[in-house]
$ cat model09.txt   # compact mmCIF, C-alpha atoms
# COMPACT_ATOMS: atom_id res chain seq x y z
CA MET P 1 -22.65 -9.78 -33.96
CA SER P 2 -21.88 -6.26 -32.79
CA GLU P 3 -24.31 -6.68 -29.89
CA ALA P 4 -22.53 -9.88 -28.79
CA ILE P 5 -19.17 -8.11 -28.88
CA ALA P 6 -20.56 -5.16 -26.91
CA LEU P 7 -22.08 -7.54 -24.34
CA LYS P 8 -18.76 -9.37 -24.02
CA LYS P 9 -16.88 -6.08 -23.51
CA ASN P 10 -19.45 -4.96 -20.96
CA ARG P 11 -19.07 -8.18 -18.98
CA LYS P 12 -15.30 -7.79 -19.09
CA PHE P 13 -15.60 -4.21 -17.80
CA VAL P 14 -17.94 -5.31 -15.01
CA GLY P 15 -15.53 -8.10 -14.08
CA ILE P 16 -12.61 -5.69 -13.87
CA ARG P 17 -14.67 -3.26 -11.80
CA GLU P 18 -15.74 -6.01 -9.39
CA PHE P 19 -12.14 -7.18 -9.07
CA ALA P 20 -10.96 -3.63 -8.34
CA ASN P 21 -13.79 -3.17 -5.84
CA ASN P 22 -13.06 -6.43 -4.02
CA TYR P 23 -9.29 -5.96 -3.90
CA THR P 24 -8.99 -2.19 -3.58
CA ASN P 25 -6.63 -2.38 -0.60
CA TYR P 26 -4.25 -4.80 -2.34
CA LEU P 27 -4.20 -2.71 -5.52
CA THR P 28 -3.60 0.42 -3.43
CA PHE P 29 -0.61 -1.24 -1.80
CA VAL P 30 0.90 -2.20 -5.16
CA VAL P 31 0.34 1.28 -6.63
CA LEU P 32 1.85 3.04 -3.60
CA PHE P 33 4.81 0.66 -3.60
CA VAL P 34 5.52 1.36 -7.27
CA VAL P 35 5.03 5.13 -6.90
CA LEU P 36 7.34 5.26 -3.89
CA GLY P 37 9.98 3.33 -5.81
CA ILE P 38 9.73 5.78 -8.71
CA LEU P 39 9.85 8.89 -6.51
CA THR P 40 12.90 7.63 -4.60
CA LYS P 41 14.57 6.20 -7.72
CA GLY P 42 14.50 2.74 -6.19
CA GLY P 43 16.26 3.75 -2.99
CA SER P 44 13.29 3.07 -0.74
CA ILE P 45 12.62 -0.44 -2.07
CA GLN P 46 16.07 -1.90 -1.61
CA GLY P 47 16.62 -4.78 0.81
CA SER P 48 17.75 -2.75 3.81
CA SER P 49 15.01 -0.16 3.30
CA LEU P 50 12.33 -2.86 3.12
CA GLN P 51 13.72 -4.46 6.28
CA ASN P 52 13.43 -1.12 8.08
CA LEU P 53 9.87 -0.72 6.86
CA VAL P 54 8.89 -4.19 8.04
CA ILE P 55 10.55 -3.73 11.44
CA ALA P 56 8.87 -0.35 11.97
CA GLU P 57 5.37 -1.60 11.11
CA THR P 58 5.35 -5.08 12.66
CA VAL P 59 4.51 -3.98 16.21
CA ARG P 60 1.65 -1.89 14.85
CA GLY P 61 0.52 -5.03 13.07
CA PHE P 62 -0.23 -6.77 16.36
CA ALA P 63 -2.28 -3.79 17.55
CA SER P 64 -4.09 -3.65 14.21
CA LEU P 65 -5.06 -7.32 14.31
CA GLY P 66 -6.54 -6.79 17.76
CA VAL P 67 -8.53 -3.66 17.02
CA GLY P 68 -9.55 -5.03 13.62
CA MET P 69 -11.35 -7.93 15.28
CA ILE P 70 -13.05 -5.49 17.66
CA ILE P 71 -14.20 -3.24 14.82
CA ILE P 72 -15.72 -6.26 13.05
CA THR P 73 -18.12 -6.44 16.04
CA TRP P 74 -18.95 -2.75 15.47
CA GLY P 75 -16.78 -1.72 18.39
CA ILE P 76 -13.71 0.46 18.81
CA ASP P 77 -10.72 0.63 21.14
CA LEU P 78 -9.03 3.94 21.89
CA SER P 79 -6.89 2.57 24.72
CA ILE P 80 -4.38 0.82 22.44
CA GLY P 81 -1.54 3.32 22.60
CA TYR P 82 -1.37 3.65 26.35
CA VAL P 83 -2.01 -0.04 26.99
CA VAL P 84 0.96 -0.83 24.74
CA CYS P 85 2.93 1.89 26.56
CA LEU P 86 2.09 0.33 29.94
CA THR P 87 2.83 -3.22 28.85
CA ALA P 88 6.12 -2.14 27.24
CA SER P 89 7.13 -0.51 30.52
CA ILE P 90 6.20 -3.63 32.48
CA ALA P 91 8.15 -5.86 30.10
CA ALA P 92 11.19 -3.59 30.20
CA SER P 93 11.13 -3.44 34.00
CA PHE P 94 11.37 -7.24 34.27
CA ALA P 95 14.07 -7.42 31.59
CA GLN P 96 16.49 -4.88 33.05
CA ASN P 97 20.09 -5.65 33.82
CA PRO P 98 20.05 -6.56 37.57
CA ALA P 99 23.26 -4.58 38.09
CA TYR P 100 21.75 -1.40 36.64
CA SER P 101 21.77 1.31 39.31
CA ALA P 102 18.26 2.48 38.44
CA ALA P 103 16.76 -1.00 37.96
CA MET P 104 13.21 -1.34 39.22
CA TYR P 105 13.99 -4.82 40.58
CA PRO P 106 17.70 -4.55 41.44
CA GLY P 107 19.70 -7.73 41.81
CA ILE P 108 17.05 -9.96 40.18
CA ALA P 109 17.59 -11.45 36.72
CA PHE P 110 14.15 -12.68 35.71
CA PRO P 111 13.86 -15.46 33.09
CA LEU P 112 13.05 -14.05 29.64
CA ILE P 113 9.57 -15.51 29.71
CA ILE P 114 8.61 -13.34 32.69
CA PRO P 115 8.70 -9.94 30.91
CA ILE P 116 6.60 -11.39 28.08
CA LEU P 117 4.05 -13.05 30.36
CA ALA P 118 3.79 -9.93 32.54
CA ALA P 119 3.13 -7.73 29.51
CA VAL P 120 0.60 -10.12 27.97
CA GLY P 121 -1.11 -10.55 31.34
CA ALA P 122 -1.47 -6.80 31.83
CA GLY P 123 -2.83 -6.37 28.30
CA LEU P 124 -5.24 -9.26 28.84
CA LEU P 125 -6.59 -7.70 32.03
CA PHE P 126 -7.19 -4.39 30.28
CA GLY P 127 -8.91 -6.20 27.44
CA ILE P 128 -11.21 -8.04 29.84
CA PHE P 129 -11.97 -4.76 31.62
CA ASN P 130 -12.83 -3.08 28.31
CA GLY P 131 -15.00 -6.02 27.29
CA VAL P 132 -16.92 -6.06 30.58
CA LEU P 133 -17.58 -2.32 30.37
CA VAL P 134 -18.90 -2.65 26.82
CA ALA P 135 -20.77 -5.96 27.10
CA TYR P 136 -22.20 -5.81 30.61
CA GLY P 137 -21.84 -2.17 31.58
CA ASN P 138 -23.57 -1.20 28.32
CA LEU P 139 -21.14 1.67 27.87
CA PRO P 140 -20.43 2.84 24.32
CA ALA P 141 -17.07 1.35 23.30
CA PHE P 142 -15.81 4.83 22.48
CA ILE P 143 -16.43 6.08 26.03
CA ALA P 144 -15.33 2.90 27.79
CA THR P 145 -11.98 2.70 26.01
CA LEU P 146 -11.45 6.45 26.28
CA GLY P 147 -11.67 5.98 30.05
CA THR P 148 -9.35 2.97 30.13
CA MET P 149 -6.90 4.86 27.93
CA SER P 150 -6.55 7.42 30.72
CA ILE P 151 -6.31 4.67 33.34
CA ALA P 152 -3.51 2.94 31.43
CA ARG P 153 -1.70 6.25 31.07
CA GLY P 154 -1.96 6.92 34.80
CA LEU P 155 -0.81 3.43 35.76
CA GLN P 156 2.22 3.70 33.48
CA LEU P 157 3.29 6.96 35.10
CA ILE P 158 2.71 5.59 38.60
CA TYR P 159 4.55 2.33 37.90
CA THR P 160 7.60 3.99 36.32
CA HIS P 161 7.48 7.26 38.31
CA ALA P 162 7.51 8.92 34.87
CA LYS P 163 11.08 7.71 34.33
CA VAL P 164 12.69 5.88 31.42
CA VAL P 165 12.87 2.12 31.97
CA GLY P 166 16.18 1.35 30.30
CA SER P 167 19.22 -0.92 30.33
CA VAL P 168 17.34 -4.05 29.29
CA ARG P 169 19.40 -7.18 28.85
CA ASP P 170 20.85 -8.03 25.43
CA GLU P 171 19.10 -11.39 25.27
CA PHE P 172 15.75 -9.63 25.69
CA LYS P 173 16.60 -7.12 22.94
CA HIS P 174 17.51 -9.99 20.62
CA ILE P 175 13.89 -11.18 20.70
CA SER P 176 12.90 -8.26 18.44
CA GLN P 177 16.23 -7.17 17.02
CA GLY P 178 17.35 -10.58 15.77
CA PHE P 179 17.17 -11.98 12.24
CA ILE P 180 16.86 -15.41 10.68
CA GLY P 181 18.90 -14.86 7.54
CA PRO P 182 17.54 -11.64 5.96
CA ILE P 183 14.16 -12.03 7.68
CA PRO P 184 13.56 -10.01 10.87
CA ASN P 185 12.29 -11.98 13.86
CA LEU P 186 9.46 -9.46 14.15
CA LEU P 187 8.08 -10.41 10.75
CA ILE P 188 8.00 -14.08 11.73
CA TYR P 189 6.07 -13.24 14.90
CA LEU P 190 3.57 -11.16 12.93
CA VAL P 191 3.03 -13.90 10.35
CA ILE P 192 2.28 -16.39 13.15
CA ALA P 193 -0.18 -13.98 14.78
CA ALA P 194 -1.83 -13.21 11.43
CA VAL P 195 -2.29 -16.92 10.65
CA ILE P 196 -3.89 -17.46 14.06
CA VAL P 197 -6.26 -14.51 13.57
CA GLY P 198 -7.08 -15.72 10.05
CA ILE P 199 -7.96 -19.18 11.36
CA ILE P 200 -10.11 -17.68 14.12
CA LEU P 201 -12.03 -15.43 11.73
CA ASN P 202 -12.52 -17.95 8.94
CA HIS P 203 -12.62 -21.38 10.54
CA THR P 204 -14.09 -21.08 14.04
CA ARG P 205 -17.55 -20.51 15.46
CA PHE P 206 -16.10 -17.66 17.53
CA GLY P 207 -15.03 -15.88 14.34
CA MET P 208 -18.44 -16.39 12.76
CA ASN P 209 -20.02 -14.95 15.89
CA LEU P 210 -17.91 -11.80 15.60
CA TYR P 211 -19.23 -11.14 12.10
CA ALA P 212 -22.78 -11.92 13.19
CA ILE P 213 -22.59 -9.49 16.12
CA GLY P 214 -21.15 -6.78 13.87
CA GLY P 215 -23.87 -7.35 11.30
CA ASN P 216 -26.76 -7.22 13.77
CA LYS P 217 -26.26 -7.64 17.49
CA GLU P 218 -29.91 -8.33 18.29
CA ALA P 219 -30.26 -10.87 15.49
CA ALA P 220 -27.11 -12.59 16.77
CA ARG P 221 -28.58 -12.76 20.26
CA VAL P 222 -31.84 -14.21 18.91
CA ALA P 223 -29.78 -16.78 16.99
CA GLY P 224 -28.40 -18.07 20.30
CA ILE P 225 -25.01 -16.32 20.34
CA ASN P 226 -23.86 -15.27 23.79
CA VAL P 227 -23.08 -11.70 22.80
CA GLY P 228 -21.70 -10.65 26.18
CA VAL P 229 -19.20 -13.48 26.49
CA THR P 230 -18.12 -13.08 22.87
CA LEU P 231 -17.48 -9.35 23.26
CA VAL P 232 -15.47 -9.86 26.45
CA ALA P 233 -13.47 -12.59 24.69
CA VAL P 234 -12.62 -10.44 21.64
CA TYR P 235 -11.55 -7.47 23.76
CA ALA P 236 -9.49 -9.83 25.92
CA PHE P 237 -7.82 -11.38 22.88
CA ALA P 238 -7.07 -7.91 21.52
CA GLY P 239 -5.62 -6.91 24.90
CA ALA P 240 -3.30 -9.92 24.82
CA LEU P 241 -2.11 -8.83 21.36
CA TYR P 242 -1.45 -5.33 22.74
CA GLY P 243 0.60 -6.94 25.50
CA ILE P 244 2.67 -8.81 22.92
CA ALA P 245 3.09 -5.56 21.00
CA GLY P 246 4.30 -3.84 24.17
CA ALA P 247 6.85 -6.54 24.96
CA LEU P 248 8.14 -6.50 21.37
CA GLN P 249 8.33 -2.72 21.35
CA ALA P 250 10.38 -2.69 24.56
CA SER P 251 12.64 -5.37 23.10
CA ARG P 252 13.02 -3.51 19.82
CA LEU P 253 13.85 -0.15 21.41
CA GLY P 254 15.76 -1.51 24.39
CA LEU P 255 13.73 0.70 26.72
CA ALA P 256 10.29 2.08 27.44
CA ASN P 257 9.03 5.46 28.57
CA SER P 258 5.84 7.49 28.71
CA LEU P 259 6.06 8.26 24.97
CA THR P 260 6.33 4.65 23.85
CA ALA P 261 3.56 3.77 21.34
CA ASN P 262 2.26 7.34 21.45
CA GLY P 263 -0.58 7.58 18.92
CA MET P 264 -0.56 3.88 18.06
CA GLU P 265 -4.36 3.74 18.39
CA LEU P 266 -4.59 6.24 15.51
CA ASP P 267 -2.20 4.21 13.36
CA ALA P 268 -3.93 0.90 14.08
CA ILE P 269 -7.48 2.15 13.47
CA ALA P 270 -6.37 3.94 10.30
CA ALA P 271 -4.59 0.81 9.04
CA VAL P 272 -7.54 -1.55 9.44
CA THR P 273 -9.95 1.00 7.99
CA VAL P 274 -7.76 1.46 4.93
CA GLY P 275 -7.48 -2.34 4.83
CA GLY P 276 -11.22 -2.75 4.38
CA VAL P 277 -12.51 -3.39 7.90
CA SER P 278 -15.85 -1.59 7.92
CA GLN P 279 -16.60 0.85 10.73
CA THR P 280 -20.22 -0.28 10.49
CA GLY P 281 -19.25 -3.79 11.60
CA GLY P 282 -19.54 -7.24 10.12
CA VAL P 283 -16.93 -6.79 7.38
CA GLY P 284 -13.17 -7.33 7.40
CA THR P 285 -10.44 -9.86 6.77
CA MET P 286 -7.08 -10.68 8.31
CA GLY P 287 -5.39 -10.08 4.95
CA GLY P 288 -6.96 -6.65 4.68
CA MET P 289 -5.76 -5.73 8.17
CA ILE P 290 -2.16 -6.64 7.36
CA VAL P 291 -2.21 -4.95 3.97
CA GLY P 292 -3.67 -1.85 5.63
CA VAL P 293 -0.77 -1.81 8.09
CA PHE P 294 1.77 -1.82 5.28
CA ILE P 295 -0.19 0.72 3.21
CA MET P 296 0.05 3.13 6.13
CA GLY P 297 3.65 2.06 6.60
CA ILE P 298 4.52 2.90 3.00
CA ILE P 299 2.82 6.28 3.34
CA ASN P 300 4.63 7.09 6.62
CA TYR P 301 7.95 5.71 5.42
CA GLY P 302 7.64 7.37 2.03
CA MET P 303 6.93 10.80 3.50
CA THR P 304 9.84 10.44 5.92
CA TYR P 305 12.15 9.21 3.15
CA LEU P 306 11.17 12.18 1.00
CA GLY P 307 11.86 14.58 3.88
CA ILE P 308 8.27 15.73 4.44
CA ASN P 309 7.81 17.52 7.76
CA SER P 310 6.28 15.32 10.49
CA TYR P 311 3.58 17.95 11.10
CA TYR P 312 2.34 17.55 7.55
CA GLN P 313 2.48 13.78 7.96
CA LEU P 314 -0.14 14.06 10.71
CA LEU P 315 -2.36 16.06 8.37
CA VAL P 316 -2.05 13.43 5.66
CA LYS P 317 -2.82 10.64 8.13
CA GLY P 318 -5.93 12.44 9.36
CA PHE P 319 -7.25 12.99 5.86
CA ILE P 320 -6.58 9.33 5.00
CA ILE P 321 -8.70 8.18 7.95
CA ILE P 322 -11.55 10.53 7.05
CA GLY P 323 -11.40 9.54 3.38
CA ALA P 324 -11.27 5.80 4.12
CA VAL P 325 -14.26 5.94 6.46
CA TYR P 326 -16.21 8.12 4.01
CA LEU P 327 -15.62 5.72 1.13
CA ASP P 328 -16.46 2.76 3.35
CA MET P 329 -19.78 4.35 4.40
CA ARG P 330 -20.67 5.14 0.80
CA LYS P 331 -19.79 1.66 -0.39
CA HIS P 332 -21.92 -0.10 2.20
CA SER P 333 -24.81 2.34 1.88
CA ARG P 334 -24.98 1.48 -1.85
CA GLU P 335 -24.84 -2.24 -1.08
CA SER P 336 -27.68 -1.97 1.44

$ encode --input "model09.txt" --output "structure tokens"
Amino acid sequence: MSEAIALKKNRKFVGIREFANNYTNYLTFVVLFVVLGILTKGGSIQGSSLQNLVIAETVRGFASLGVGMIIITWGIDLSIGYVVCLTASIAASFAQNPAYSAAMYPGIAFPLIIPILAAVGAGLLFGIFNGVLVAYGNLPAFIATLGTMSIARGLQLIYTHAKVVGSVRDEFKHISQGFIGPIPNLLIYLVIAAVIVGIILNHTRFGMNLYAIGGNKEAARVAGINVGVTLVAVYAFAGALYGIAGALQASRLGLANSLTANGMELDAIAAVTVGGVSQTGGVGTMGGMIVGVFIMGIINYGMTYLGINSYYQLLVKGFIIIGAVYLDMRKHSRES
């Protein structure tokens, strides 16, 4: 009888451990949310505070979804920050008030769709370029995207002459700054993008191919997957998401400059890593990516709310990335 009880308790313990192991990122989010609420005596989890948190992290969410899909293929993208910076500047330049004395296209009031299409198009081109370098140029993704990061930076400075692109029209700002009831427009956009990415990863052959390539590129090629085309496609899709992020960032801020989205590649890669996307490829979910974004958001927002110096925040963020990758490597080494 005692053995049966012990066996039952052991199975229960194993079940709890498996649950905690499978949903670590979700449990981490809940714990951090509760701890932040306690430390701030509920001030940080009120309606307005949560709105600010969501608005601040939504643009990073688009970048995270893009790089998360790339990391599933055992790739990386370091160009995110400056591609978003460039696309934000392009979007802002086409959305400026035509009467603005320093407008880049004075006297022309472009339809609102033009800034968005221009930003997405620029991001898409960078994504295709990254994908071609990785898939057909056989460059390590780290090196290829490090190079395109510098190219995007240079193009942004050339295009804007290192000046602030400001005075965007109110109707363009409303795209990101508007609300539907208490819900920010930005959250609605992110939910739509997340659903699309979730469908791609879980219900399409393309998504299955991404996991197969991340698991074993040569085995995927032997299985008949066109690895080159798939890699170009995923980098292109990610680039389009960066373009959307850039347009939304310009709309949210009402301007763009050379510091826009500075360091976003660090935030996005950290978020998806914390969210369970394995740096060894082949593992990751859309839900994990989004939860990772808001885990990092709670950490950033919490430290700011508590008045922690921004220099120390960078230290914390760096240690989080190192710790998340270390735990991920240990977890998958045990599984293998």

$ closest_residue --input "model09.txt" --among "P:Leu112, P:Val54, P:Val283, P:Met303" --to "Glu171 in chain P" --atoms "all atoms listed in the file"
P:Leu112

$ residues_near_point --input "model09.txt" --point "(-2.3, 3.6, 36.4)" --cutoff "12 Å" --atoms "all atoms listed in the file" --output "ChimeraX atom specification"
/P:82-83,85-87,89-90,122,126,147-162,258

$ residues_around --input "model09.txt" --residues "Leu65 in chain P" --least-positions-apart "2" --cutoff "10 Å" --atoms "all atoms listed in the file" --output "PDB file with C-alpha atoms, keeping the file's coordinate frame"
ATOM      1  CA  ARG P  60       1.650  -1.890  14.850  1.00  0.00           C
ATOM      2  CA  GLY P  61       0.520  -5.030  13.070  1.00  0.00           C
ATOM      3  CA  PHE P  62      -0.230  -6.770  16.360  1.00  0.00           C
ATOM      4  CA  ALA P  63      -2.280  -3.790  17.550  1.00  0.00           C
ATOM      5  CA  VAL P  67      -8.530  -3.660  17.020  1.00  0.00           C
ATOM      6  CA  GLY P  68      -9.550  -5.030  13.620  1.00  0.00           C
ATOM      7  CA  MET P  69     -11.350  -7.930  15.280  1.00  0.00           C
ATOM      8  CA  ILE P  70     -13.050  -5.490  17.660  1.00  0.00           C
ATOM      9  CA  LEU P 190       3.570 -11.160  12.930  1.00  0.00           C
ATOM     10  CA  ALA P 193      -0.180 -13.980  14.780  1.00  0.00           C
ATOM     11  CA  ALA P 194      -1.830 -13.210  11.430  1.00  0.00           C
ATOM     12  CA  VAL P 197      -6.260 -14.510  13.570  1.00  0.00           C
ATOM     13  CA  GLY P 198      -7.080 -15.720  10.050  1.00  0.00           C
ATOM     14  CA  PHE P 237      -7.820 -11.380  22.880  1.00  0.00           C
ATOM     15  CA  ALA P 238      -7.070  -7.910  21.520  1.00  0.00           C
ATOM     16  CA  LEU P 241      -2.110  -8.830  21.360  1.00  0.00           C
ATOM     17  CA  TYR P 242      -1.450  -5.330  22.740  1.00  0.00           C
ATOM     18  CA  ALA P 268      -3.930   0.900  14.080  1.00  0.00           C
ATOM     19  CA  ILE P 269      -7.480   2.150  13.470  1.00  0.00           C
ATOM     20  CA  ALA P 271      -4.590   0.810   9.040  1.00  0.00           C
ATOM     21  CA  VAL P 272      -7.540  -1.550   9.440  1.00  0.00           C
ATOM     22  CA  THR P 285     -10.440  -9.860   6.770  1.00  0.00           C
ATOM     23  CA  MET P 286      -7.080 -10.680   8.310  1.00  0.00           C
ATOM     24  CA  GLY P 287      -5.390 -10.080   4.950  1.00  0.00           C
ATOM     25  CA  GLY P 288      -6.960  -6.650   4.680  1.00  0.00           C
ATOM     26  CA  MET P 289      -5.760  -5.730   8.170  1.00  0.00           C
ATOM     27  CA  ILE P 290      -2.160  -6.640   7.360  1.00  0.00           C
ATOM     28  CA  VAL P 293      -0.770  -1.810   8.090  1.00  0.00           C
TER      29      VAL P 293
END

$ residues_around --input "model09.txt" --residues "range 227-229 of chain P" --least-positions-apart "4" --cutoff "8 Å" --atoms "all atoms listed in the file" --output "number ranges by chain"
P: 132, 135-136, 213, 217, 220-221, 233

$ residues_around --input "model09.txt" --residues "Leu117 in chain P" --least-positions-apart "2" --cutoff "9 Å" --atoms "only C-alpha atoms" --output "PyMOL selection string"
chain P and resi 91+113-115+119-122+243-244+247

$ residues_around --input "model09.txt" --residues "Pro98 in chain P" --least-positions-apart "6" --cutoff "9 Å" --atoms "all atoms listed in the file" --output "list in words"
Met104, Tyr105, Pro106, Gly107, Ile108, Ala109, Phe110 and Arg169 of chain P

$ atom_distance --input "model09.txt" --atom1 "CA of Thr204 in chain P" --atom2 "CA of Val234 in chain P"
13.2 Å

$ closest_residue --input "model09.txt" --among "P:Gly207, P:Gly275, P:Gly75, P:Gly123" --to "Gly292 in chain P" --atoms "all atoms listed in the file"
P:Gly275

$ atom_distance --input "model09.txt" --atom1 "CA of Tyr23 in chain P" --atom2 "CA of Ile200 in chain P"
21.5 Å

$ residues_around --input "model09.txt" --residues "Ile322 in chain P" --least-positions-apart "4" --cutoff "12 Å" --atoms "only C-alpha atoms" --output "PyMOL selection string"
chain P and resi 266+269-270+273-274+279+315-318+326-329

$ write_last_selection --input "model09.txt" --atoms "C-alpha atoms" --output "JSON list (two decimals), keeping the file's coordinate frame"
[["chain", "number", "residue", "atom", "x", "y", "z"],
["P", 266, "LEU", "CA", -4.59, 6.24, 15.51],
["P", 269, "ILE", "CA", -7.48, 2.15, 13.47],
["P", 270, "ALA", "CA", -6.37, 3.94, 10.30],
["P", 273, "THR", "CA", -9.95, 1.00, 7.99],
["P", 274, "VAL", "CA", -7.76, 1.46, 4.93],
["P", 279, "GLN", "CA", -16.60, 0.85, 10.73],
["P", 315, "LEU", "CA", -2.36, 16.06, 8.37],
["P", 316, "VAL", "CA", -2.05, 13.43, 5.66],
["P", 317, "LYS", "CA", -2.82, 10.64, 8.13],
["P", 318, "GLY", "CA", -5.93, 12.44, 9.36],
["P", 326, "TYR", "CA", -16.21, 8.12, 4.01],
["P", 327, "LEU", "CA", -15.62, 5.72, 1.13],
["P", 328, "ASP", "CA", -16.46, 2.76, 3.35],
["P", 329, "MET", "CA", -19.78, 4.35, 4.40]]

$ closest_residue --input "model09.txt" --among "P:Thr28, P:Ser48, P:Asn202, P:Thr58" --to "Tyr189 in chain P" --atoms "only C-alpha atoms"
P:Thr58

$ axis_aligned_box --input "model09.txt" --around "range 228-241 of chain P" --padding-each-side "6 Å" --output "JSON"
{"center_x": -11.9, "center_y": -10.2, "center_z": 23.9, "size_x": 31.6, "size_y": 18.6, "size_z": 17.1}

$ atom_distance --input "model09.txt" --atom1 "CA of Leu255 in chain P" --atom2 "CA of Ile45 in chain P"
28.8 Å

$ closest_residue --input "model09.txt" --among "P:Val34, P:Ile321, P:Val165, P:Ile76" --to "Ser101 in chain P" --atoms "only C-alpha atoms"
P:Val165

$ closest_residue --input "model09.txt" --among "P:Gly224, P:Gly246, P:Gly302, P:Gly281" --to "Leu210 in chain P" --atoms "only C-alpha atoms"
P:Gly281

$ closest_residue --input "model09.txt" --among "P:Ala92, P:Ala240, P:Leu231, P:Leu186" --to "Asn138 in chain P" --atoms "only C-alpha atoms"
P:Leu231

$ residues_near_point --input "model09.txt" --point "(13.5, -8.1, 4.2)" --cutoff "6 Å" --atoms "only C-alpha atoms" --output "ChimeraX atom specification"
/P:47,50-51,182-183

$ write_last_selection --input "model09.txt" --atoms "C-alpha atoms" --output "PDB file, keeping the file's coordinate frame"
ATOM      1  CA  GLY P  47      16.620  -4.780   0.810  1.00  0.00           C
ATOM      2  CA  LEU P  50      12.330  -2.860   3.120  1.00  0.00           C
ATOM      3  CA  GLN P  51      13.720  -4.460   6.280  1.00  0.00           C
ATOM      4  CA  PRO P 182      17.540 -11.640   5.960  1.00  0.00           C
ATOM      5  CA  ILE P 183      14.160 -12.030   7.680  1.00  0.00           C
TER       6      ILE P 183
END
